[in-house]
file protein29.tsv (TSV, C-alpha atoms)
chain	number	residue	atom	x	y	z
A	1	MET	CA	-8.23	2.14	-38.85
A	2	ASN	CA	-11.78	2.39	-37.60
A	3	GLY	CA	-13.27	5.28	-35.70
A	4	PRO	CA	-12.71	8.99	-35.81
A	5	VAL	CA	-9.33	10.58	-36.26
A	6	SER	CA	-7.72	10.74	-32.85
A	7	ALA	CA	-5.48	13.29	-31.17
A	8	LEU	CA	-3.38	10.45	-29.76
A	9	ASP	CA	0.34	11.18	-29.88
A	10	PRO	CA	1.48	9.75	-33.26
A	11	ALA	CA	4.54	8.25	-31.58
A	12	VAL	CA	2.25	6.21	-29.34
A	13	ALA	CA	-0.23	5.43	-32.11
A	14	ALA	CA	2.59	4.01	-34.23
A	15	ARG	CA	3.33	1.42	-31.53
A	16	LEU	CA	-0.22	0.04	-31.29
A	17	ARG	CA	-1.13	-3.22	-32.94
A	18	ARG	CA	-4.91	-3.05	-33.14
A	19	SER	CA	-7.44	-5.81	-33.62
A	20	SER	CA	-9.44	-5.93	-36.84
A	21	ASP	CA	-11.97	-3.61	-35.19
A	22	GLY	CA	-9.30	-1.07	-34.23
A	23	LEU	CA	-8.98	-1.92	-30.53
A	24	VAL	CA	-6.36	-2.89	-27.99
A	25	ALA	CA	-7.13	-4.72	-24.75
A	26	ALA	CA	-6.85	-2.73	-21.52
A	27	ILE	CA	-6.16	-4.65	-18.32
A	28	VAL	CA	-7.22	-2.56	-15.32
A	29	GLN	CA	-5.31	-3.05	-12.09
A	30	GLU	CA	-5.93	-1.32	-8.77
A	31	ALA	CA	-2.97	0.68	-7.54
A	32	GLY	CA	-1.95	-0.28	-4.05
A	33	THR	CA	-3.69	-3.65	-3.78
A	34	GLY	CA	-2.53	-4.94	-7.19
A	35	ASP	CA	-5.97	-6.48	-7.71
A	36	VAL	CA	-6.88	-7.02	-11.36
A	37	LEU	CA	-10.28	-5.37	-11.64
A	38	MET	CA	-11.50	-5.81	-15.22
A	39	LEU	CA	-10.64	-6.08	-18.88
A	40	ALA	CA	-11.88	-3.40	-21.27
A	41	TRP	CA	-11.05	-2.12	-24.75
A	42	MET	CA	-9.62	1.11	-26.12
A	43	ASP	CA	-9.30	2.60	-29.55
A	44	ASP	CA	-6.81	5.40	-30.21
A	45	GLU	CA	-9.15	8.11	-28.99
A	46	ALA	CA	-10.07	6.27	-25.78
A	47	LEU	CA	-6.36	5.88	-25.05
A	48	HIS	CA	-5.77	9.55	-25.80
A	49	ARG	CA	-8.55	10.57	-23.40
A	50	THR	CA	-7.26	8.17	-20.74
A	51	LEU	CA	-3.73	9.56	-21.00
A	52	THR	CA	-4.75	13.21	-20.96
A	53	SER	CA	-7.84	13.41	-18.74
A	54	GLY	CA	-6.71	11.27	-15.82
A	55	ARG	CA	-9.96	9.30	-16.12
A	56	ALA	CA	-10.10	5.78	-17.53
A	57	THR	CA	-12.02	5.90	-20.79
A	58	TYR	CA	-12.92	2.84	-22.86
A	59	TRP	CA	-14.63	1.90	-26.08
A	60	SER	CA	-17.80	-0.05	-25.38
A	61	ARG	CA	-18.08	-2.82	-27.97
A	62	SER	CA	-21.69	-3.52	-27.00
A	63	ARG	CA	-22.86	0.10	-27.06
A	64	GLN	CA	-20.39	1.28	-29.73
A	65	GLU	CA	-19.56	4.43	-27.83
A	66	TYR	CA	-16.94	5.94	-25.54
A	67	TRP	CA	-17.42	5.15	-21.90
A	68	VAL	CA	-15.85	7.12	-19.06
A	69	LYS	CA	-15.78	4.63	-16.23
A	70	GLY	CA	-17.91	5.92	-13.37
A	71	ALA	CA	-19.77	8.54	-15.42
A	72	THR	CA	-23.10	6.93	-14.60
A	73	SER	CA	-22.18	4.68	-11.64
A	74	GLY	CA	-19.94	7.09	-9.76
A	75	HIS	CA	-17.36	4.29	-9.63
A	76	HIS	CA	-14.60	6.42	-11.08
A	77	GLN	CA	-11.17	5.19	-12.09
A	78	TYR	CA	-8.41	7.76	-11.62
A	79	VAL	CA	-5.48	6.83	-13.82
A	80	LYS	CA	-2.11	6.35	-12.15
A	81	SER	CA	-0.10	4.79	-15.00
A	82	VAL	CA	-0.50	3.22	-18.43
A	83	SER	CA	1.93	0.73	-19.96
A	84	LEU	CA	1.98	-0.89	-23.38
A	85	ASP	CA	3.02	-4.50	-23.80
A	86	CYS	CA	5.88	-5.85	-25.90
A	87	ASP	CA	3.80	-6.49	-29.00
A	88	GLY	CA	1.61	-3.41	-28.79
A	89	ASP	CA	-1.79	-5.06	-28.48
A	90	ALA	CA	-2.43	-4.78	-24.74
A	91	LEU	CA	-2.33	-2.00	-22.17
A	92	LEU	CA	-1.96	-2.20	-18.41
A	93	VAL	CA	-3.81	0.65	-16.74
A	94	THR	CA	-3.32	1.14	-13.01
A	95	VAL	CA	-6.05	3.12	-11.32
A	96	GLU	CA	-7.39	4.40	-8.07
A	97	GLN	CA	-10.79	2.71	-8.02
A	98	VAL	CA	-13.77	4.37	-6.34
A	99	GLY	CA	-16.36	1.81	-5.24
A	100	ALA	CA	-16.92	-1.43	-7.13
A	101	ALA	CA	-15.17	-1.93	-10.46
A	102	CYS	CA	-17.71	-4.48	-11.67
A	103	HIS	CA	-21.18	-3.53	-12.85
A	104	THR	CA	-22.48	-6.44	-10.76
A	105	GLY	CA	-21.35	-4.59	-7.62
A	106	THR	CA	-18.34	-6.75	-6.82
A	107	HIS	CA	-14.86	-5.35	-6.26
A	108	THR	CA	-13.47	-7.02	-9.37
A	109	CYS	CA	-15.05	-8.63	-12.43
A	110	PHE	CA	-13.07	-11.82	-11.77
A	111	SER	CA	-15.07	-13.43	-8.99
A	112	ASP	CA	-15.98	-16.70	-10.72
A	113	ASN	CA	-13.25	-19.18	-9.76
A	114	LEU	CA	-12.85	-22.19	-12.04
A	115	PRO	CA	-11.74	-25.54	-10.65
A	116	VAL	CA	-8.02	-26.19	-11.12
A	117	THR	CA	-7.08	-29.86	-10.85
A	118	ASP	CA	-3.33	-30.18	-10.80
A	119	GLY	CA	-1.92	-32.75	-13.16
A	120	GLU	CA	1.53	-34.17	-13.64
A	121	GLY	CA	2.83	-30.83	-14.85
A	122	ALA	CA	2.06	-29.02	-11.63
A	123	ARG	CA	4.74	-28.06	-9.20
A	124	ALA	CA	4.22	-29.73	-5.82
B	125	MET	CA	-16.93	-22.71	-32.55
B	126	ASN	CA	-13.48	-22.92	-34.08
B	127	GLY	CA	-10.90	-25.52	-33.26
B	128	PRO	CA	-11.10	-29.16	-32.28
B	129	VAL	CA	-13.72	-30.52	-29.93
B	130	SER	CA	-12.45	-29.91	-26.43
B	131	ALA	CA	-12.70	-31.93	-23.24
B	132	LEU	CA	-13.42	-28.72	-21.33
B	133	ASP	CA	-16.14	-29.18	-18.69
B	134	PRO	CA	-19.39	-28.31	-20.52
B	135	ALA	CA	-20.54	-26.28	-17.50
B	136	VAL	CA	-17.48	-24.06	-17.92
B	137	ALA	CA	-17.69	-23.99	-21.70
B	138	ALA	CA	-21.28	-22.77	-21.49
B	139	ARG	CA	-20.14	-19.68	-19.57
B	140	LEU	CA	-17.53	-18.57	-22.13
B	141	ARG	CA	-18.28	-15.74	-24.52
B	142	ARG	CA	-15.72	-16.25	-27.24
B	143	SER	CA	-14.45	-13.82	-29.86
B	144	SER	CA	-15.26	-14.46	-33.50
B	145	ASP	CA	-12.15	-16.63	-33.68
B	146	GLY	CA	-13.19	-18.71	-30.68
B	147	LEU	CA	-10.91	-17.18	-28.07
B	148	VAL	CA	-11.07	-15.55	-24.65
B	149	ALA	CA	-8.42	-13.22	-23.29
B	150	ALA	CA	-6.20	-14.52	-20.48
B	151	ILE	CA	-4.63	-12.01	-18.13
B	152	VAL	CA	-1.63	-13.56	-16.41
B	153	GLN	CA	-0.78	-12.33	-12.92
B	154	GLU	CA	2.08	-13.45	-10.72
B	155	ALA	CA	0.97	-14.97	-7.43
B	156	GLY	CA	2.60	-13.28	-4.47
B	157	THR	CA	3.77	-10.08	-6.13
B	158	GLY	CA	0.49	-9.36	-7.94
B	159	ASP	CA	2.46	-8.21	-10.98
B	160	VAL	CA	0.53	-8.43	-14.25
B	161	LEU	CA	2.89	-10.36	-16.50
B	162	MET	CA	1.25	-10.70	-19.92
B	163	LEU	CA	-1.94	-11.05	-21.92
B	164	ALA	CA	-2.49	-14.22	-23.92
B	165	TRP	CA	-5.40	-16.06	-25.53
B	166	MET	CA	-7.13	-19.37	-24.89
B	167	ASP	CA	-9.64	-21.45	-26.76
B	168	ASP	CA	-11.67	-24.12	-24.96
B	169	GLU	CA	-8.94	-26.73	-25.24
B	170	ALA	CA	-6.20	-24.40	-24.00
B	171	LEU	CA	-8.37	-23.58	-20.99
B	172	HIS	CA	-9.03	-27.28	-20.41
B	173	ARG	CA	-5.30	-28.03	-20.48
B	174	THR	CA	-4.56	-25.09	-18.19
B	175	LEU	CA	-7.15	-26.22	-15.64
B	176	THR	CA	-6.13	-29.87	-15.66
B	177	SER	CA	-2.36	-29.89	-16.23
B	178	GLY	CA	-1.31	-27.17	-13.81
B	179	ARG	CA	0.67	-25.55	-16.65
B	180	ALA	CA	-0.47	-22.36	-18.37
B	181	THR	CA	-1.35	-23.23	-21.95
B	182	TYR	CA	-2.38	-20.70	-24.57
B	183	TRP	CA	-3.47	-20.51	-28.18
B	184	SER	CA	-0.87	-18.71	-30.27
B	185	ARG	CA	-2.67	-16.50	-32.76
B	186	SER	CA	0.52	-15.90	-34.74
B	187	ARG	CA	1.58	-19.55	-34.92
B	188	GLN	CA	-1.94	-21.01	-34.83
B	189	GLU	CA	-0.96	-23.69	-32.35
B	190	TYR	CA	-1.13	-24.54	-28.66
B	191	TRP	CA	1.67	-23.14	-26.62
B	192	VAL	CA	2.68	-24.41	-23.19
B	193	LYS	CA	4.40	-21.43	-21.63
B	194	GLY	CA	8.02	-22.32	-20.88
B	195	ALA	CA	8.12	-25.41	-23.10
B	196	THR	CA	10.95	-23.94	-25.14
B	197	SER	CA	12.18	-21.11	-22.87
B	198	GLY	CA	12.08	-22.96	-19.56
B	199	HIS	CA	10.11	-20.00	-18.21
B	200	HIS	CA	7.29	-22.13	-16.88
B	201	GLN	CA	4.04	-20.85	-15.44
B	202	TYR	CA	2.58	-23.08	-12.74
B	203	VAL	CA	-1.11	-22.34	-12.39
B	204	LYS	CA	-2.41	-21.31	-8.98
B	205	SER	CA	-5.94	-20.17	-9.85
B	206	VAL	CA	-8.15	-19.29	-12.81
B	207	SER	CA	-11.16	-16.96	-12.64
B	208	LEU	CA	-13.67	-16.00	-15.30
B	209	ASP	CA	-15.01	-12.47	-15.52
B	210	CYS	CA	-18.61	-11.32	-15.25
B	211	ASP	CA	-19.33	-11.43	-18.97
B	212	GLY	CA	-17.38	-14.58	-19.77
B	213	ASP	CA	-14.85	-13.17	-22.22
B	214	ALA	CA	-11.77	-12.81	-20.03
B	215	LEU	CA	-9.83	-15.03	-17.65
B	216	LEU	CA	-7.51	-14.09	-14.82
B	217	VAL	CA	-4.80	-16.72	-14.41
B	218	THR	CA	-2.52	-16.47	-11.39
B	219	VAL	CA	0.75	-18.30	-11.74
B	220	GLU	CA	4.05	-19.05	-10.17
B	221	GLN	CA	6.40	-17.64	-12.81
B	222	VAL	CA	9.82	-19.18	-13.40
B	223	GLY	CA	12.25	-16.67	-14.93
B	224	ALA	CA	11.09	-13.89	-17.23
B	225	ALA	CA	7.48	-13.88	-18.41
B	226	CYS	CA	8.26	-11.82	-21.50
B	227	HIS	CA	9.99	-13.23	-24.55
B	228	THR	CA	12.15	-10.09	-24.55
B	229	GLY	CA	13.67	-11.22	-21.24
B	230	THR	CA	11.91	-8.73	-19.00
B	231	HIS	CA	9.92	-9.72	-15.92
B	232	THR	CA	6.63	-8.58	-17.44
B	233	CYS	CA	5.50	-7.69	-20.95
B	234	PHE	CA	4.30	-4.28	-19.73
B	235	SER	CA	7.52	-2.34	-19.49
B	236	ASP	CA	6.74	0.47	-21.93
B	237	ASN	CA	5.27	3.28	-19.83
B	238	LEU	CA	3.17	5.84	-21.70
B	239	PRO	CA	3.07	9.48	-20.59
B	240	VAL	CA	0.04	10.31	-18.44
B	241	THR	CA	-0.74	14.01	-18.29
B	242	ASP	CA	-3.42	14.63	-15.70
B	243	GLY	CA	-6.27	16.82	-16.82
B	244	GLU	CA	-9.16	18.37	-14.99
B	245	GLY	CA	-10.70	14.97	-14.35
B	246	ALA	CA	-7.78	13.73	-12.32
B	247	ARG	CA	-7.93	13.43	-8.57
B	248	ALA	CA	-5.34	15.61	-6.88
call {"tool": "encode", "arguments": {"input": "protein29.tsv", "output": "structure tokens"}}
result
Amino acid sequence: MNGPVSALDPAVAARLRRSSDGLVAAIVQEAGTGDVLMLAWMDDEALHRTLTSGRATYWSRSRQEYWVKGATSGHHQYVKSVSLDCDGDALLVTVEQVGAACHTGTHTCFSDNLPVTDGEGARA
Amino acid sequence: MNGPVSALDPAVAARLRRSSDGLVAAIVQEAGTGDVLMLAWMDDEALHRTLTSGRATYWSRSRQEYWVKGATSGHHQYVKSVSLDCDGDALLVTVEQVGAACHTGTHTCFSDNLPVTDGEGARA
């Protein structure tokens, strides 16, 4: 496992199936609206901090450092719940989002709609 | 780029930032309820098929093959919209889900809640 030794509960750590760089995907969903805001990454320590601090904390792959969402932008994410998926490689984090979730200033990071052209398989 | 040459629209393909194995993450959300159902992976061709067939199609990392959701289970996902995130490495796919999204038979793959213990950083 990459990264420093983490204080993450060993019972939780044992259920994670990490990528080759020691990470699991974290889907961030806004509580209340249900809007999917962003996708980020966590290692064991980021998950530990998220679960115990009440503040969404990620591992930045580009900066190679921990990243408390909102620490510089003020766009905090207060953690409401965290769930692990059936095969242990993805988390669903529901948050109370302050301000814009996306660094571009938009509410969510998913604002680029791709054209869907229904084929024969589509339901009418 | 890994995998076969894809018929994906080059304008879309140019915006993807793929992992080292040629994939982007696909967050699957149920239209209507807003429930996040699962996380899967797509290469260019899986995205092309998803956008043009109306049926959610993924790349199975474990089986190393394309996977039309519901083809064997009957738990089809009819695609309503697909959005790309700000840095091009994640997709949000909204679907009409037939039956259980999870292979374990549950509605979503995220049914394993982890304990959140609010710390000083939490909002009251």
call {"tool": "atom_distance", "arguments": {"input": "protein29.tsv", "atom1": "atom CA of B:Ala150", "atom2": "atom CA of B:Asn237"}}
result
21.2 Å
call {"tool": "residues_around", "arguments": {"input": "protein29.tsv", "residues": "B:Pro239", "least_positions_apart": "2", "cutoff": "8 Å", "atoms": "only C-alpha atoms", "output": "list of chain:residue names"}}
result
A:Leu51, A:Ser81, A:Val82, B:Asn237, B:Thr241
call {"tool": "residues_near_point", "arguments": {"input": "protein29.tsv", "point": "(-13.3, -18.9, -26.7)", "cutoff": "6 Å", "atoms": "all atoms listed in the file", "output": "list in words"}}
result
Arg142, Gly146, Leu147, Val148, Asp167 and Asp168 of chain B
call {"tool": "closest_residue", "arguments": {"input": "protein29.tsv", "among": "A:Arg55, A:Arg63, A:Lys69, A:His75", "to": "chain B", "atoms": "all atoms listed in the file"}}
result
A:Arg55
call {"tool": "atom_distance", "arguments": {"input": "protein29.tsv", "atom1": "atom CA of B:Leu161", "atom2": "atom CA of A:Ala71"}}
result
29.5 Å
call {"tool": "closest_atom_pairs", "arguments": {"input": "protein29.tsv", "of": "chain A", "to": "chain B", "cutoff": "9 Å", "atoms": "all atoms listed in the file", "output": "CSV"}}
result
residue,atom,partner,partner_atom,distance
A:Val12,CA,B:Leu238,CA,7.7
A:Ala25,CA,B:Leu163,CA,8.7
A:Ile27,CA,B:Ile151,CA,7.5
A:Gln29,CA,B:Val160,CA,8.2
A:Thr33,CA,B:Gly158,CA,8.2
A:Gly34,CA,B:Gly158,CA,5.4
A:Asp35,CA,B:Gly158,CA,7.1
A:Val36,CA,B:Leu216,CA,7.9
A:Met38,CA,B:Asp209,CA,7.5
A:Leu39,CA,B:Ala214,CA,6.9
A:Thr50,CA,B:Val240,CA,7.9
A:Leu51,CA,B:Val240,CA,4.6
A:Thr52,CA,B:Thr241,CA,4.9
A:Ser53,CA,B:Gly243,CA,4.2
A:Gly54,CA,B:Ala246,CA,4.4
A:Arg55,CA,B:Gly245,CA,6.0
A:Tyr78,CA,B:Ala246,CA,6.0
A:Val79,CA,B:Ala246,CA,7.4
A:Lys80,CA,B:Val240,CA,7.7
A:Ser81,CA,B:Val240,CA,6.5
A:Val82,CA,B:Leu238,CA,5.6
A:Ser83,CA,B:Asn237,CA,4.2
A:Leu84,CA,B:Asp236,CA,5.2
A:Asp85,CA,B:Phe234,CA,4.3
A:Cys86,CA,B:Cys233,CA,5.3
A:Asp87,CA,B:Cys233,CA,8.3
A:Asp89,CA,B:Leu163,CA,8.9
A:Ala90,CA,B:Leu163,CA,6.9
A:Leu91,CA,B:Phe234,CA,7.4
A:Leu92,CA,B:Phe234,CA,6.7
A:Cys102,CA,B:Cys210,CA,7.8
A:His103,CA,B:Cys210,CA,8.5
A:Thr104,CA,B:Cys210,CA,7.7
A:Thr108,CA,B:Asp209,CA,8.4
A:Cys109,CA,B:Asp209,CA,4.9
A:Phe110,CA,B:Asp209,CA,4.3
A:Ser111,CA,B:Ser207,CA,6.4
A:Asp112,CA,B:Leu208,CA,5.2
A:Asn113,CA,B:Ser207,CA,4.2
A:Leu114,CA,B:Ser207,CA,5.5
A:Pro115,CA,B:Leu175,CA,6.8
A:Val116,CA,B:Leu175,CA,4.6
A:Thr117,CA,B:Thr176,CA,4.9
A:Asp118,CA,B:Gly178,CA,4.7
A:Gly119,CA,B:Ser177,CA,4.2
A:Glu120,CA,B:Ser177,CA,6.3
A:Gly121,CA,B:Ser177,CA,5.5
A:Ala122,CA,B:Gly178,CA,4.4
A:Arg123,CA,B:Tyr202,CA,6.5
call {"tool": "atom_distance", "arguments": {"input": "protein29.tsv", "atom1": "atom CA of B:Gln221", "atom2": "atom CA of B:Glu154"}}
result
6.4 Å
